[in-house]
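Student: Sending over a structure as structure tokens; questions will come in a sec.
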Amino acid sequence: MPKRALSSTVASGTKRKHVTLSIKDKVDLIKKLESGTAVAKLCEEYGLGKSTIYDIKKQKKKSFLSFLPTRIHQWRWVKERSFAMQKTMIMIEWVRQRRSEGVPLSGPLLMEQAKIFHRSMNLTTDYSYTTGWLTKFKKRHGIRQLKICGDKASADAEAAEDFVNEFVSLVETEKLSPEQIYNADETGLFWRYVPRSTLATADEKDATGVKDSKERITILGCGNAAGSHKTKLFVIGKSAKPRAFKNVKVFPVIYRSNKRAWMTQHLMNEWFENHFVPEPLRHLSGNGFPADAKILLILDNCTAHLSPDILVKDNVSVLFFPPNCTSLIQPMDMGIKVPVQIGFPERNTQLSKRRGNTSKLFEILQFENGSVECS
């Protein structure tokens, strides 16, 4: 078998000098190659190896695109960039419109909608709308994840604004200070609830846990507008005498019970007359207010709340929020109850770890200093 002839460079044992071609030279080389010029001749003409010639041929599209006249190339770049900016503006406006309609939006939905706009605008650039694009898009335009509040979508904003104006007029007329204005509201608490996510080692394939407990209590919280006084929490459970309360004489909260652990008109009246009225009076007296200082308690229109004509005692009066307005203007719904709600799962987990089982109700209630008799 005859031996293959070696190039002059290889035969002489010298190393080929590195050659860098301009875009114009690459375009000329590709044209000569397509016109039938031998590869060997091109190698000698340009001082390149065969593999380099074939690599340049593979990059034909890129080379010709880069060699377009400057103005045409710039026009294409500006045109594509202009379309991309238009698409971004359309995406932002689409997000605003959907949210104004109350439509919940997710990351995958945004990525799919971006693809739809990309196709409808006939954009020629290849773009993959991945989670990386989504992260940059949200960061660039200040889009964040929010928890949906179902009450606000049906809230009466006009009635809320009217109430605020009337309330401001009442405060000015009665010359009430923030120390004299209170708000109270109930919230449910699943006191045996534990977190639904956990850290685990690499050898644990499935995270096992326990079934969610439905044991629930109702908590009534109350505080003044100045933030200087909060009343004892009024807690309603199902059991009149829980075993966890055995031999316990002093409690950090006021505890009452009924079959459903709900607030009732009877319990509301008891809380108002026996617990709410005395506490603000003592607080105002200790802060230099006169004995006849007025106190205003604002409540929502829950059926368990008695009418303002009944909830009146001494200098204490009650004002009700209009229907469907509490999610907009009630102070207790503006984050005041959140520390109580989110703090209990962590507290319950710590107690469970220490005790080896689910913590007792009495231990759960020991999150605030103070004491009161339990009947």
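A note on labels: chains of the structure tokens are A, B, ... as shown, every chain counts residues from 1, and ligands are counted from 1 in their shown order.
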Determine, counting only C-alpha atoms, which protein, DNA and RNA residues have an atom within 9 Å of an atom of segment 127-136 of chain A; residues of the same chain fewer than 2 positions away are not included. Present the result as a compact mmCIF listing (two decimals) with N, CA, C and O atoms, in the first residue's frame.

Tutor:
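Now in around_16.txt:
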# COMPACT_ATOMS: atom_id res chain seq x y z
N GLY A 107 -45.49 31.04 38.09
CA GLY A 107 -44.30 31.08 37.24
C GLY A 107 -44.49 30.38 35.91
O GLY A 107 -44.22 30.97 34.85
N PRO A 108 -44.96 29.12 35.89
CA PRO A 108 -45.19 28.43 34.62
C PRO A 108 -46.17 29.16 33.71
O PRO A 108 -46.01 29.15 32.48
N LEU A 110 -46.58 32.44 33.52
CA LEU A 110 -45.85 33.56 32.93
C LEU A 110 -44.94 33.10 31.80
O LEU A 110 -44.86 33.76 30.74
N MET A 111 -44.25 31.97 31.99
CA MET A 111 -43.36 31.46 30.95
C MET A 111 -44.14 31.07 29.70
O MET A 111 -43.70 31.33 28.57
N GLU A 112 -45.30 30.44 29.87
CA GLU A 112 -46.12 30.02 28.73
C GLU A 112 -46.67 31.24 27.99
O GLU A 112 -46.71 31.26 26.76
N ALA A 114 -45.27 34.19 27.85
CA ALA A 114 -44.15 34.82 27.14
C ALA A 114 -43.90 34.12 25.81
O ALA A 114 -43.59 34.77 24.80
N LYS A 115 -44.03 32.80 25.79
CA LYS A 115 -43.87 32.05 24.54
C LYS A 115 -44.96 32.43 23.53
O LYS A 115 -44.70 32.54 22.33
N HIS A 118 -44.12 35.73 22.10
CA HIS A 118 -42.95 35.58 21.23
C HIS A 118 -43.38 35.12 19.83
O HIS A 118 -42.92 35.65 18.81
N THR A 125 -35.46 35.66 16.81
CA THR A 125 -34.41 35.21 17.73
C THR A 125 -34.89 33.99 18.51
O THR A 125 -36.06 33.90 18.89
N LYS A 138 -38.69 38.53 37.02
CA LYS A 138 -39.33 38.96 38.25
C LYS A 138 -38.46 39.95 39.02
O LYS A 138 -38.96 40.93 39.58
N LYS A 139 -37.16 39.69 39.06
CA LYS A 139 -36.25 40.57 39.78
C LYS A 139 -36.15 41.93 39.10
O LYS A 139 -36.13 42.98 39.75
N ARG A 140 -36.12 41.94 37.76
CA ARG A 140 -35.97 43.18 37.01
C ARG A 140 -37.20 44.08 37.13
O ARG A 140 -37.07 45.31 37.17
N HIS A 141 -38.38 43.47 37.25
CA HIS A 141 -39.61 44.26 37.25
C HIS A 141 -40.35 44.23 38.59
O HIS A 141 -41.50 44.66 38.66

Student: Write out as a list in words each polymer residue whose atoms come within 10 Å of Leu176 of chain A, counting only C-alpha atoms; drop sequence neighbours fewer than 5 positions from it.

Tutor: Val168, Leu170, Val171, Ile181, Ala293, Lys294, Ile295 and Leu296 of chain A

Student: With only C-alpha atoms as the atoms that count, which of A:Leu189, A:Ala200, A:Cys43, A:Ile116 lies nearest to Ile236 of chain A?

Tutor: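 Counting only C-alpha atoms, the residue closest to Ile236 of chain A is A:Leu189.
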
Student: Can you pull out the residues contacting Leu299 of chain A? Cut-off 9 Å, using only C-alpha atoms, and skip same-chain residues under 4 positions away; I want them as a VMD selection string.

Tutor: chain A and resid 182 to 185 305 318 to 321 330

Student: Determine which residues of segment 211-331 of chain A DSSP labels as strand (DSSP E or B) from the backbone of this structure, then write them out as a ChimeraX atom specification.

Tutor: /A:216-224,230,234-237,251,254-257,295-299,313,316-320

Student: Take the residues just selected and output them with C-alpha atoms as a short mmCIF file (atom, residue, chain, number, x, y, z; two decimals), in the first residue's frame.

Tutor:
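result_20.cif, written as the output of this step:
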data_model
loop_
_atom_site.label_atom_id
_atom_site.label_comp_id
_atom_site.auth_asym_id
_atom_site.auth_seq_id
_atom_site.Cartn_x
_atom_site.Cartn_y
_atom_site.Cartn_z
CA ARG A 216 -58.96 23.98 67.20
CA ILE A 217 -59.35 26.84 69.63
CA THR A 218 -60.64 30.39 69.11
CA ILE A 219 -58.59 33.34 70.33
CA LEU A 220 -59.95 36.85 70.83
CA GLY A 221 -57.19 39.46 70.79
CA CYS A 222 -57.60 43.12 71.67
CA GLY A 223 -55.28 46.15 71.86
CA ASN A 224 -55.32 49.94 71.62
CA LYS A 230 -53.10 44.67 74.96
CA PHE A 234 -59.71 35.31 75.51
CA VAL A 235 -59.39 31.63 74.51
CA ILE A 236 -62.33 29.32 73.73
CA GLY A 237 -61.81 25.55 73.62
CA PHE A 251 -53.45 30.81 83.64
CA ILE A 254 -58.88 33.77 79.98
CA TYR A 255 -60.21 30.31 79.08
CA ARG A 256 -63.83 29.38 78.33
CA SER A 257 -65.39 26.48 76.45
CA ILE A 295 -63.11 54.33 75.61
CA LEU A 296 -64.08 53.25 72.08
CA LEU A 297 -64.04 49.58 71.06
CA ILE A 298 -64.27 48.82 67.32
CA LEU A 299 -65.59 45.38 66.24
CA LYS A 313 -71.01 50.20 80.10
CA VAL A 316 -67.12 52.44 77.16
CA SER A 317 -68.95 52.36 73.82
CA VAL A 318 -68.74 50.12 70.73
CA LEU A 319 -68.49 50.99 67.04
CA PHE A 320 -69.02 48.41 64.26
#

Student: If you run DSSP over the backbone, which residues in segment 77-268 of chain A end up helix (DSSP H, G or I)? Put them as an MDAnalysis selection string.

Tutor: chainID A and resid 77:100 107:120 131:141 150:153 157:174 178:180 243:245 265:268

Student: Record the distance separating atom CA of Glu101 of chain A and atom CA of Asn324 of chain A, expressed in Å with one decimal.

Tutor: 18.4 Å

Student: Let me make sure I understand: among A:Phe245, A:Phe117, A:Trp191, A:Trp271, which one has the smallest atom-to-atom distance to Leu306 of chain A if we use only C-alpha atoms?

Tutor: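 Of A:Phe245, A:Phe117, A:Trp191, A:Trp271, the one nearest Leu306 of chain A is A:Trp271, counting only C-alpha atoms.
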
Student: What is the atom CA of Val103 of chain A-atom CA of Phe137 of chain A distance in Å, reported with one decimal?

Tutor: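 Between atom CA of Val103 of chain A and atom CA of Phe137 of chain A the gap works out to 19.3 Å.
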